[in-house]
Structure formats: C-alpha cells, structure tokens
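Quick look at entry38.json (JSON, C-alpha atoms):
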```
[["chain", "number", "residue", "atom", "x", "y", "z"],
["A", 226, "MET", "CA", 3.56, 2.19, 5.99],
["A", 227, "ASP", "CA", 3.11, 0.53, 9.39],
["A", 228, "VAL", "CA", 6.54, -1.03, 10.08],
["A", 229, "GLU", "CA", 5.28, -3.07, 13.01],
["A", 230, "ALA", "CA", 2.53, -4.59, 10.84],
["A", 231, "ALA", "CA", 5.08, -5.32, 8.08],
["A", 232, "ALA", "CA", 7.34, -7.05, 10.63],
["A", 233, "ARG", "CA", 4.40, -9.09, 11.95],
["A", 234, "ARG", "CA", 3.62, -10.15, 8.37],
["A", 235, "TRP", "CA", 7.27, -11.20, 7.97],
["A", 236, "ALA", "CA", 7.22, -13.24, 11.20],
["A", 237, "GLU", "CA", 3.88, -14.89, 10.43],
["A", 238, "THR", "CA", 4.98, -15.77, 6.90],
["A", 239, "TRP", "CA", 8.20, -17.33, 8.18],
["A", 240, "ARG", "CA", 6.31, -19.19, 10.94],
["A", 241, "ARG", "CA", 4.05, -20.84, 8.36],
["A", 242, "ALA", "CA", 6.46, -21.17, 5.43],
["A", 243, "TRP", "CA", 9.68, -22.36, 7.07],
["A", 244, "PRO", "CA", 8.37, -25.78, 8.24],
["A", 245, "ASP", "CA", 6.77, -26.26, 4.80],
["A", 246, "HIS", "CA", 9.93, -25.15, 2.94],
["A", 247, "ASP", "CA", 7.82, -22.61, 1.07],
["A", 248, "VAL", "CA", 10.57, -20.50, -0.48],
["A", 249, "GLU", "CA", 8.19, -18.50, -2.68],
["A", 250, "ALA", "CA", 6.00, -17.33, 0.22],
["A", 251, "ILE", "CA", 9.07, -15.93, 1.94],
["A", 252, "THR", "CA", 10.77, -14.41, -1.09],
["A", 253, "ALA", "CA", 7.55, -12.53, -1.90],
["A", 254, "LEU", "CA", 8.31, -10.34, 1.17],
["A", 255, "TYR", "CA", 11.61, -9.06, -0.27],
["A", 256, "ALA", "CA", 12.26, -6.17, -2.64],
["A", 257, "GLU", "CA", 13.95, -7.02, -5.93],
["A", 258, "ASP", "CA", 17.13, -5.24, -4.73],
["A", 259, "ALA", "CA", 17.14, -6.76, -1.22],
["A", 260, "ALA", "CA", 20.30, -7.70, 0.68],
["A", 261, "TYR", "CA", 19.98, -10.82, 2.88],
["A", 262, "ARG", "CA", 22.79, -11.38, 5.37],
["A", 263, "ALA", "CA", 22.34, -14.66, 7.27],
["A", 264, "LEU", "CA", 25.87, -14.62, 8.67],
["A", 265, "ALA", "CA", 27.56, -11.44, 9.87],
["A", 266, "PHE", "CA", 30.98, -12.28, 8.44],
["A", 267, "ARG", "CA", 29.84, -13.44, 5.01],
["A", 268, "GLU", "CA", 28.82, -11.36, 2.01],
["A", 269, "PRO", "CA", 25.04, -10.92, 1.73],
["A", 270, "ASP", "CA", 22.89, -12.78, -0.75],
["A", 271, "LEU", "CA", 21.69, -10.09, -3.14],
["A", 272, "GLU", "CA", 18.36, -9.50, -4.85],
["A", 273, "VAL", "CA", 15.35, -11.79, -4.72],
["A", 274, "SER", "CA", 17.29, -14.40, -6.70],
["A", 275, "GLY", "CA", 19.96, -14.48, -3.99],
["A", 276, "VAL", "CA", 17.35, -14.77, -1.23],
["A", 277, "ARG", "CA", 15.65, -17.60, -3.17],
["A", 278, "ARG", "CA", 18.97, -19.41, -3.69],
["A", 279, "TYR", "CA", 19.96, -19.11, -0.03],
["A", 280, "LEU", "CA", 16.58, -20.35, 1.23],
["A", 281, "SER", "CA", 16.42, -23.19, -1.30],
["A", 282, "GLU", "CA", 19.87, -24.45, -0.33],
["A", 283, "ASN", "CA", 19.19, -24.30, 3.40],
["A", 284, "PHE", "CA", 15.62, -25.57, 3.34],
["A", 285, "GLY", "CA", 16.88, -28.47, 1.22],
["A", 286, "VAL", "CA", 18.87, -29.88, 4.16],
["A", 287, "GLU", "CA", 16.42, -29.06, 6.99],
["A", 288, "ASP", "CA", 13.84, -31.61, 8.13],
["A", 289, "ASP", "CA", 11.27, -31.58, 10.93],
["A", 290, "VAL", "CA", 11.41, -27.79, 11.40],
["A", 291, "GLU", "CA", 9.77, -26.20, 14.44],
["A", 292, "CYS", "CA", 9.94, -22.41, 14.77],
["A", 293, "TRP", "CA", 8.70, -19.60, 16.99],
["A", 294, "PHE", "CA", 8.72, -15.83, 16.51],
["A", 295, "GLY", "CA", 8.51, -13.05, 19.07],
["A", 296, "GLU", "CA", 6.79, -9.69, 18.93],
["A", 297, "PRO", "CA", 8.53, -7.18, 16.65],
["A", 298, "VAL", "CA", 10.18, -4.04, 17.97],
["A", 299, "ALA", "CA", 9.83, -1.28, 15.36],
["A", 300, "ALA", "CA", 11.22, 2.22, 14.86],
["A", 301, "GLY", "CA", 11.34, 4.31, 11.69],
["A", 302, "ASP", "CA", 11.72, 1.98, 8.71],
["A", 303, "ARG", "CA", 13.33, -0.82, 10.77],
["A", 304, "ALA", "CA", 12.18, -3.68, 12.97],
["A", 305, "ALA", "CA", 13.79, -6.43, 15.02],
["A", 306, "VAL", "CA", 12.16, -9.82, 15.52],
["A", 307, "GLU", "CA", 13.40, -12.48, 17.90],
["A", 308, "TRP", "CA", 13.05, -16.09, 16.73],
["A", 309, "TRP", "CA", 13.80, -19.64, 17.80],
["A", 310, "ALA", "CA", 13.97, -22.77, 15.64],
["A", 311, "THR", "CA", 14.94, -26.41, 15.77],
["A", 312, "TRP", "CA", 15.32, -28.96, 12.96],
["A", 313, "VAL", "CA", 17.19, -32.06, 11.84],
["A", 314, "GLU", "CA", 20.11, -31.52, 9.47],
["A", 315, "SER", "CA", 22.21, -34.45, 8.19],
["A", 316, "GLY", "CA", 20.68, -36.63, 10.90],
["A", 317, "GLU", "CA", 21.60, -34.19, 13.69],
["A", 318, "ARG", "CA", 19.11, -32.12, 15.69],
["A", 319, "LEU", "CA", 20.04, -28.43, 15.88],
["A", 320, "SER", "CA", 18.47, -25.46, 17.64],
["A", 321, "LEU", "CA", 19.06, -21.81, 16.81],
["A", 322, "ALA", "CA", 17.94, -18.79, 18.79],
["A", 323, "GLY", "CA", 18.39, -15.39, 17.25],
["A", 324, "ALA", "CA", 17.04, -12.11, 16.02],
["A", 325, "THR", "CA", 16.57, -10.60, 12.60],
["A", 326, "LEU", "CA", 16.93, -6.89, 11.86],
["A", 327, "LEU", "CA", 14.80, -5.76, 8.93],
["A", 328, "ARG", "CA", 14.62, -2.51, 6.95],
["A", 329, "PHE", "CA", 11.53, -1.86, 4.86],
["A", 330, "ARG", "CA", 10.74, 0.26, 1.82],
["A", 331, "ALA", "CA", 7.69, 2.53, 1.92],
["A", 332, "ASP", "CA", 5.62, -0.22, 0.25],
["A", 333, "GLY", "CA", 6.46, -2.74, 3.01],
["A", 334, "GLN", "CA", 8.97, -4.81, 0.99],
["A", 335, "ILE", "CA", 12.19, -5.76, 2.78],
["A", 336, "VAL", "CA", 15.38, -4.16, 1.46],
["A", 337, "ASP", "CA", 17.80, -5.29, 4.19],
["A", 338, "HIS", "CA", 17.76, -8.49, 6.29],
["A", 339, "ARG", "CA", 20.40, -9.26, 8.93],
["A", 340, "ASP", "CA", 20.42, -12.35, 11.16],
["A", 341, "TYR", "CA", 22.26, -12.78, 14.46],
["A", 342, "TRP", "CA", 21.98, -16.16, 16.19],
["A", 343, "ASN", "CA", 23.37, -18.82, 18.51],
["A", 344, "GLN", "CA", 23.31, -22.58, 17.88],
["A", 345, "VAL", "CA", 23.37, -25.79, 19.93],
["A", 346, "GLU", "CA", 23.45, -29.40, 18.71],
["A", 347, "ARG", "CA", 20.22, -30.63, 20.36],
["A", 348, "ARG", "CA", 16.50, -29.91, 20.42],
["A", 349, "GLU", "CA", 16.11, -26.94, 22.72],
["A", 350, "PRO", "CA", 12.67, -25.31, 22.79],
["A", 351, "PRO", "CA", 12.34, -21.68, 23.90],
["A", 352, "PHE", "CA", 12.94, -21.14, 27.61],
["A", 353, "GLU", "CA", 10.04, -20.31, 29.93],
["A", 354, "GLY", "CA", 8.91, -16.74, 29.47],
["A", 355, "TRP", "CA", 10.48, -16.41, 26.04]]
```
Would you mind writing the file out in structure tokens?
Amino acid sequence: MDVEAAARRWAETWRRAWPDHDVEAITALYAEDAAYRALAFREPDLEVSGVRRYLSENFGVEDDVECWFGEPVAAGDRAAVEWWATWVESGERLSLAGATLLRFRADGQIVDHRDYWNQVERREPPFEGW
C-alpha cells in the first residue's frame, strides 16, 4: 500500500465532502474497527458507526464550510496532513487550523485518526505560504 497516496485520497475526500456534509463519502475511508479521536482529552469515537455519528453531529451545526488541506507527510503505515477550515456555527464564524495523524491498514483503510487543532472566533484564511 502507498501510504502517501492513501493520505492524499483522505485529504481530497475531506476537501470535497466536508463543505457538502457528505458523511458517507468520508466514513467510506475508515475501517470497521477505526478509532477517531477529534479531541485529545476525550475518548475516541469507535468503529465506523462512531465516526458516522461524530461527523453527522458536527456537520449538522456547520454552515458555509471552506477547507484546505496540505501535502501529506508519510512514513510506514502513518501519515500526517495539515488542514485549515472556516465555517459558521450557531451564527458565529469560526476558523480551525490543525493536523490529523492517520494510521492505515494494508488495504488503505484508516484504523486510527487523531486531530490536533487551534481555533479562533473569526474567518481566518490560511496565511501566505501555508
């Protein structure tokens, strides 16, 4: 398996699917036994059903999503992808900048997803050179 290609597929799927709230396109990337940790100090959402629930809940409150994804950095069965996003939630514009660490099975499905991010309460596009 080409981990860099799998990470590019993940980033491209998120880039297209997030603004459209396409939960199924994203969950198709995850193994049935995946662990999805969006917040470091919270228990992960487990299995595809947990990923689907998490995405459905969050996409349900996000409007006017814009998102950008960087080039993956891959080694072994893992990859890191930098991302940036802005949306309106409960009438307030938010921007998040972060990175996701992914671990893949041999077939390219994601078994471990970990997000690390920062947030501001305004529309903040990526900085020059990002």
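Atom CA of Trp243 of chain A is positioned 18.4 Å from atom CA of Gly316 of chain A.
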Report task. Name all residues at most 8 Å from segment 317-328 of chain A (count all atoms listed in the file; drop same-chain ones fewer than 4 positions away) and give them as a PyMOL selection string. Result -> chain A and resi 232+302-313+335-350
Query raised in the report: Which is closest to Pro351 of chain A among A:Gly295, A:Glu314, A:Ala331, A:Asp247, if we use only C-alpha atoms?
Result: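 The answer is A:Gly295, which sits nearest to Pro351 of chain A.
Taking atom CA of Met226 of chain A and atom CA of Asp332 of chain A as endpoints, the distance between them is 6.6 Å.
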Padding 3 Å on each side, edges along x, y and z: where is the centre of the box around the listed atoms of segment 239-250 of chain A, and how long are its edges in Å to one decimal? Output it as JSON.
```
{"center_x": 7.3, "center_y": -21.8, "center_z": 4.1, "size_x": 12.5, "size_y": 14.9, "size_z": 19.6}
```
Report task. Excluding Asn283 of chain A and residues on its chain fewer than 3 positions from it, collect all residues at most 12 Å away from it, counting only C-alpha atoms, and give them as an MDAnalysis selection string. Result -> chainID A and resid 243:244 246:248 263 276:280 286:288 290 312:315
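For the pair atom CA of Glu257 of chain A and atom CA of Val273 of chain A, the interatomic distance is 5.1 Å.
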Requested in this report: Considering only C-alpha atoms, return as a PyMOL selection string whatever protein or nucleic-acid residues lie within 10 Å of Ala230 of chain A, sequence-local ones (same chain, fewer than 3 positions apart) excluded.
Outcome: chain A and resi 226-227+233-236+297+299+304+333
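Closest approach to Phe329 of chain A among A:Gly275, A:Gly354, A:Gly285, A:Gly301: A:Gly301, based on all atoms listed in the file.
For the set A:Glu296, A:Arg240, A:Ser274, A:Glu249, the residue with the smallest atom-to-atom gap to Trp355 of chain A is A:Glu296, counting all atoms listed in the file.
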Output segment 255-266 of chain A as a CSV table (one decimal), keeping the file's coordinate frame, making sure all heavy atoms are there.
```csv
chain,number,residue,atom,x,y,z
A,255,TYR,N,10.4,-9.8,0.0
A,255,TYR,CA,11.6,-9.1,-0.3
A,255,TYR,C,11.6,-8.2,-1.6
A,255,TYR,O,11.0,-8.7,-2.6
A,255,TYR,CB,12.8,-10.0,-0.3
A,255,TYR,CG,13.0,-10.7,1.1
A,255,TYR,CD1,12.3,-11.7,1.5
A,255,TYR,CD2,14.0,-10.1,1.9
A,255,TYR,CE1,12.4,-12.3,2.8
A,255,TYR,CE2,14.2,-10.7,3.2
A,255,TYR,CZ,13.4,-11.7,3.6
A,255,TYR,OH,13.6,-12.3,4.9
A,256,ALA,N,12.1,-7.0,-1.5
A,256,ALA,CA,12.3,-6.2,-2.6
A,256,ALA,C,13.2,-6.8,-3.6
A,256,ALA,O,14.1,-7.6,-3.2
A,256,ALA,CB,12.8,-4.8,-2.2
A,257,GLU,N,13.1,-6.5,-4.9
A,257,GLU,CA,14.0,-7.0,-5.9
A,257,GLU,C,15.4,-6.7,-5.6
A,257,GLU,O,16.3,-7.6,-5.9
A,257,GLU,CB,13.6,-6.5,-7.3
A,257,GLU,CG,14.3,-7.1,-8.4
A,257,GLU,CD,14.2,-8.6,-8.5
A,257,GLU,OE1,13.1,-9.1,-8.4
A,257,GLU,OE2,15.3,-9.2,-8.7
A,258,ASP,N,15.7,-5.6,-5.0
A,258,ASP,CA,17.1,-5.2,-4.7
A,258,ASP,C,17.5,-5.5,-3.3
A,258,ASP,O,18.5,-4.9,-2.8
A,258,ASP,CB,17.4,-3.8,-5.1
A,258,ASP,CG,16.5,-2.8,-4.3
A,258,ASP,OD1,15.5,-3.3,-3.7
A,258,ASP,OD2,16.8,-1.6,-4.3
A,259,ALA,N,16.9,-6.4,-2.6
A,259,ALA,CA,17.1,-6.8,-1.2
A,259,ALA,C,18.5,-7.3,-1.0
A,259,ALA,O,19.1,-8.0,-1.9
A,259,ALA,CB,16.1,-7.8,-0.7
A,260,ALA,N,19.1,-7.1,0.2
A,260,ALA,CA,20.3,-7.7,0.7
A,260,ALA,C,19.9,-8.6,1.9
A,260,ALA,O,19.2,-8.1,2.8
A,260,ALA,CB,21.3,-6.6,1.1
A,261,TYR,N,20.3,-9.8,1.9
A,261,TYR,CA,20.0,-10.8,2.9
A,261,TYR,C,21.3,-11.3,3.5
A,261,TYR,O,22.0,-12.1,2.8
A,261,TYR,CB,19.2,-11.9,2.2
A,261,TYR,CG,18.6,-13.0,3.1
A,261,TYR,CD1,17.2,-13.0,3.4
A,261,TYR,CD2,19.4,-13.9,3.7
A,261,TYR,CE1,16.7,-14.0,4.2
A,261,TYR,CE2,18.9,-14.9,4.6
A,261,TYR,CZ,17.5,-14.9,4.8
A,261,TYR,OH,17.0,-15.9,5.6
A,262,ARG,N,21.6,-11.0,4.7
A,262,ARG,CA,22.8,-11.4,5.4
A,262,ARG,C,22.5,-12.3,6.5
A,262,ARG,O,22.1,-11.9,7.6
A,262,ARG,CB,23.5,-10.2,5.9
A,262,ARG,CG,25.0,-10.5,6.4
A,262,ARG,CD,25.7,-9.2,6.8
A,262,ARG,NE,25.9,-8.2,5.8
A,262,ARG,CZ,27.0,-8.2,5.0
A,262,ARG,NH1,27.9,-9.0,5.1
A,262,ARG,NH2,27.0,-7.2,4.1
A,263,ALA,N,22.6,-13.6,6.3
A,263,ALA,CA,22.3,-14.7,7.3
A,263,ALA,C,23.5,-14.8,8.3
A,263,ALA,O,23.3,-15.2,9.4
A,263,ALA,CB,22.0,-16.0,6.6
A,264,LEU,N,24.7,-14.5,7.8
A,264,LEU,CA,25.9,-14.6,8.7
A,264,LEU,C,26.6,-13.3,8.6
A,264,LEU,O,26.9,-12.8,7.5
A,264,LEU,CB,26.8,-15.8,8.2
A,264,LEU,CG,26.1,-17.2,8.3
A,264,LEU,CD1,27.0,-18.2,7.5
A,264,LEU,CD2,26.0,-17.6,9.7
A,265,ALA,N,27.0,-12.8,9.8
A,265,ALA,CA,27.6,-11.4,9.9
A,265,ALA,C,28.9,-11.3,9.1
A,265,ALA,O,29.2,-10.2,8.6
A,265,ALA,CB,27.8,-11.0,11.3
A,266,PHE,N,29.7,-12.4,9.0
A,266,PHE,CA,31.0,-12.3,8.4
A,266,PHE,C,31.1,-12.9,7.0
A,266,PHE,O,32.1,-13.2,6.5
A,266,PHE,CB,32.0,-13.0,9.3
A,266,PHE,CG,32.1,-12.3,10.7
A,266,PHE,CD1,31.6,-13.0,11.8
A,266,PHE,CD2,32.5,-11.0,10.9
A,266,PHE,CE1,31.6,-12.4,13.1
A,266,PHE,CE2,32.6,-10.4,12.1
A,266,PHE,CZ,32.1,-11.1,13.2
```
